[in-house]
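Let me begin by presenting the structure, written as structure tokens, before commenting on it.
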Amino acid sequence: NPRVSPELQNELDRLTPPNVTATPSAAAGKEGQGLTLNAMIGQVNGRPIYASDVLDPLKAQFTAMGQQMSLGEFRSMAGKILAERLYQIIFDALFLAEAERRLTEQQRFQLKVMMHLNRQELIRKYGAGSEPAANEEMIKKTGRDMETTLESIRQTILVKRYQEEVIYPKIAVSKRDIERFYNRPQIYAKYNPKPGRKVRRIMVSSKDHADKVDEMFAEGKSFIEIAKSEYNRYNRDSGGKMTLLDENKKETDILVADTKLFEQDVLNEALAKLKPGEHSPRLEVTTQFGKLYMWILLEEVIQSERKSLPEVQLEIELQIRALQYTMIEQRYRKKLFEEAGYVVDGSTQNPMEEMADSLGKIAIGLYHKGQ
């Protein structure tokens, strides 16, 4: 991550999470006995969290998993999925409570006006002026009723306002930050790739076959045609094409120009003398397998596009801003959860783990084939 200025860090430390609580239901500690989709597994900010809130959207996925996985596999996979969804549900509730808490009276009034206008627009669009008709049409076309849609709009407005007022002002990127980022070795290599080249090779193991290859060249046959002949022992099917694994472990035939491709200097020296389209004469090398005869073709040189700092300055600034946003949000999430009673260092029992454990037992009972 990019370096954060002391000023930004101080501002970040002044973020004050709301006074919130999230606790597991008393029933959640009873090994999941008697728990159903209607069970309340916990609370956040005094509002209940029901098992159905977490499990309903996962029904199709868990049903398929339950038919294909062993009990152990299902428990492990479902546990991870449930923990992530429960985390998001609780964070959304905590975040929205904080965003709403920060609203001034004027902003609350503006939000009411905006929601009234959104309601009227939905009635006009889906119901031609009739709210009941609009609600029915929205369920048919979008799968959500009007109140659910309006709540989603309201949450989006709150989140955007919070980002604009709290997080975005704390993001600062200087020219020096951009220069340092650009000059990181990995980033610099990305914008200034070295030229590449495509190389082919013919390799034979006997002098008689080497003489046959030279005869084929004398007859005017192409390098690739000869490389696909019965005499070549190197990548015959691809016509002697040389490949390497790139940084993503994927095979590529574009080889970095200043890389030594061969263990033997005589081969590297011969390649260095070639122009695109030229091939070497017969080369003799001694290896652990004995004497080999080779020909090398420099098929193509690829000049990579280089981008200077001024050309990518805006792109880099956006990358740094995104990194800083993620860092600030992660710090804020951590503080928000800890204020809500979720200690992330594992020193005490985490109520979210208790809730996830109850959800896992319900999921096994509902969706696993063995239950």
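Ordered as shown in the structure tokens, chains take letters A, B, and onward, while each chain numbers its residues from 1 and ligands are numbered from 1 in the order shown.
Neighbouring residues of A:Leu261 at 10 Å or closer, counting only C-alpha atoms and skipping chain neighbours under 3 positions away, are A:Val199, A:Met242, A:Thr243, A:Leu244, A:Leu255, A:Val256, A:Ala257, A:Asp258, A:Gln264, A:Asp265, A:Leu267, A:Asn268, A:Leu271.
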Which of stretch 296-367 of chain A DSSP labels helix (DSSP H, G or I), written as JSON, numbers by chain
{"A": [309, 310, 311, 312, 313, 314, 315, 316, 317, 318, 319, 320, 321, 322, 323, 324, 325, 326, 327, 328, 329, 330, 331, 332, 333, 334, 335, 336, 337, 338, 339, 351, 352, 353, 354, 355, 356, 357, 358, 359, 360, 361, 362, 363, 364, 365, 366, 367]}
Write the residues of the preceding selection, restricted to C-alpha atoms, as a compact mmCIF listing (two decimals), in the first residue's frame.
# COMPACT_ATOMS: atom_id res chain seq x y z
CA LEU A 309 5.13 8.95 -16.05
CA PRO A 310 3.18 11.90 -17.54
CA GLU A 311 1.23 9.47 -19.74
CA VAL A 312 0.06 7.34 -16.81
CA GLN A 313 -0.01 9.93 -14.03
CA LEU A 314 -3.82 10.03 -13.80
CA GLU A 315 -4.09 6.24 -13.96
CA ILE A 316 -1.59 5.87 -11.11
CA GLU A 317 -3.30 8.55 -9.03
CA LEU A 318 -6.57 6.63 -9.31
CA GLN A 319 -4.82 3.41 -8.26
CA ILE A 320 -3.33 5.09 -5.19
CA ARG A 321 -6.68 6.67 -4.29
CA ALA A 322 -8.32 3.25 -4.53
CA LEU A 323 -5.63 1.75 -2.29
CA GLN A 324 -6.02 4.53 0.27
CA TYR A 325 -9.81 4.18 0.20
CA THR A 326 -9.51 0.45 0.85
CA MET A 327 -7.05 1.05 3.70
CA ILE A 328 -9.26 3.66 5.37
CA GLU A 329 -12.37 1.52 4.96
CA GLN A 330 -10.61 -1.53 6.40
CA ARG A 331 -9.42 0.45 9.42
CA TYR A 332 -12.91 1.82 9.88
CA ARG A 333 -14.50 -1.64 9.57
CA LYS A 334 -12.12 -2.98 12.23
CA LYS A 335 -12.92 -0.19 14.69
CA LEU A 336 -16.62 -0.45 13.98
CA PHE A 337 -16.72 -4.19 14.66
CA GLU A 338 -14.61 -3.92 17.78
CA GLU A 339 -16.91 -1.23 19.17
CA PRO A 351 -20.41 -13.37 19.10
CA MET A 352 -20.43 -13.53 15.30
CA GLU A 353 -18.73 -16.94 15.49
CA GLU A 354 -21.53 -18.19 17.76
CA MET A 355 -24.14 -16.96 15.30
CA ALA A 356 -22.31 -18.53 12.34
CA ASP A 357 -22.06 -21.83 14.25
CA SER A 358 -25.85 -21.88 14.77
CA LEU A 359 -26.42 -21.04 11.12
CA GLY A 360 -24.13 -23.88 10.08
CA LYS A 361 -26.13 -26.40 12.10
CA ILE A 362 -29.39 -25.15 10.59
CA ALA A 363 -27.90 -25.34 7.08
CA ILE A 364 -26.74 -28.94 7.61
CA GLY A 365 -30.20 -29.95 8.85
CA LEU A 366 -31.96 -28.28 5.94
CA TYR A 367 -29.71 -28.88 2.97
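Remark: for A:Trp295, the closest of the candidate residues A:Asn232, A:Asn183, A:Ser238, A:Ser130 is A:Asn232 (distances computed over only C-alpha atoms).
The gap separating atom CA of A:Ile89 from atom CA of A:Asn118 is 24.6 Å, in Å to one decimal.
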Quick check for you: according to DSSP on this backbone, which residues of stretch 10-147 of chain A are classed as strand (DSSP E or B)? Reply as number ranges by chain.
A: 22-24, 40-44, 47-50
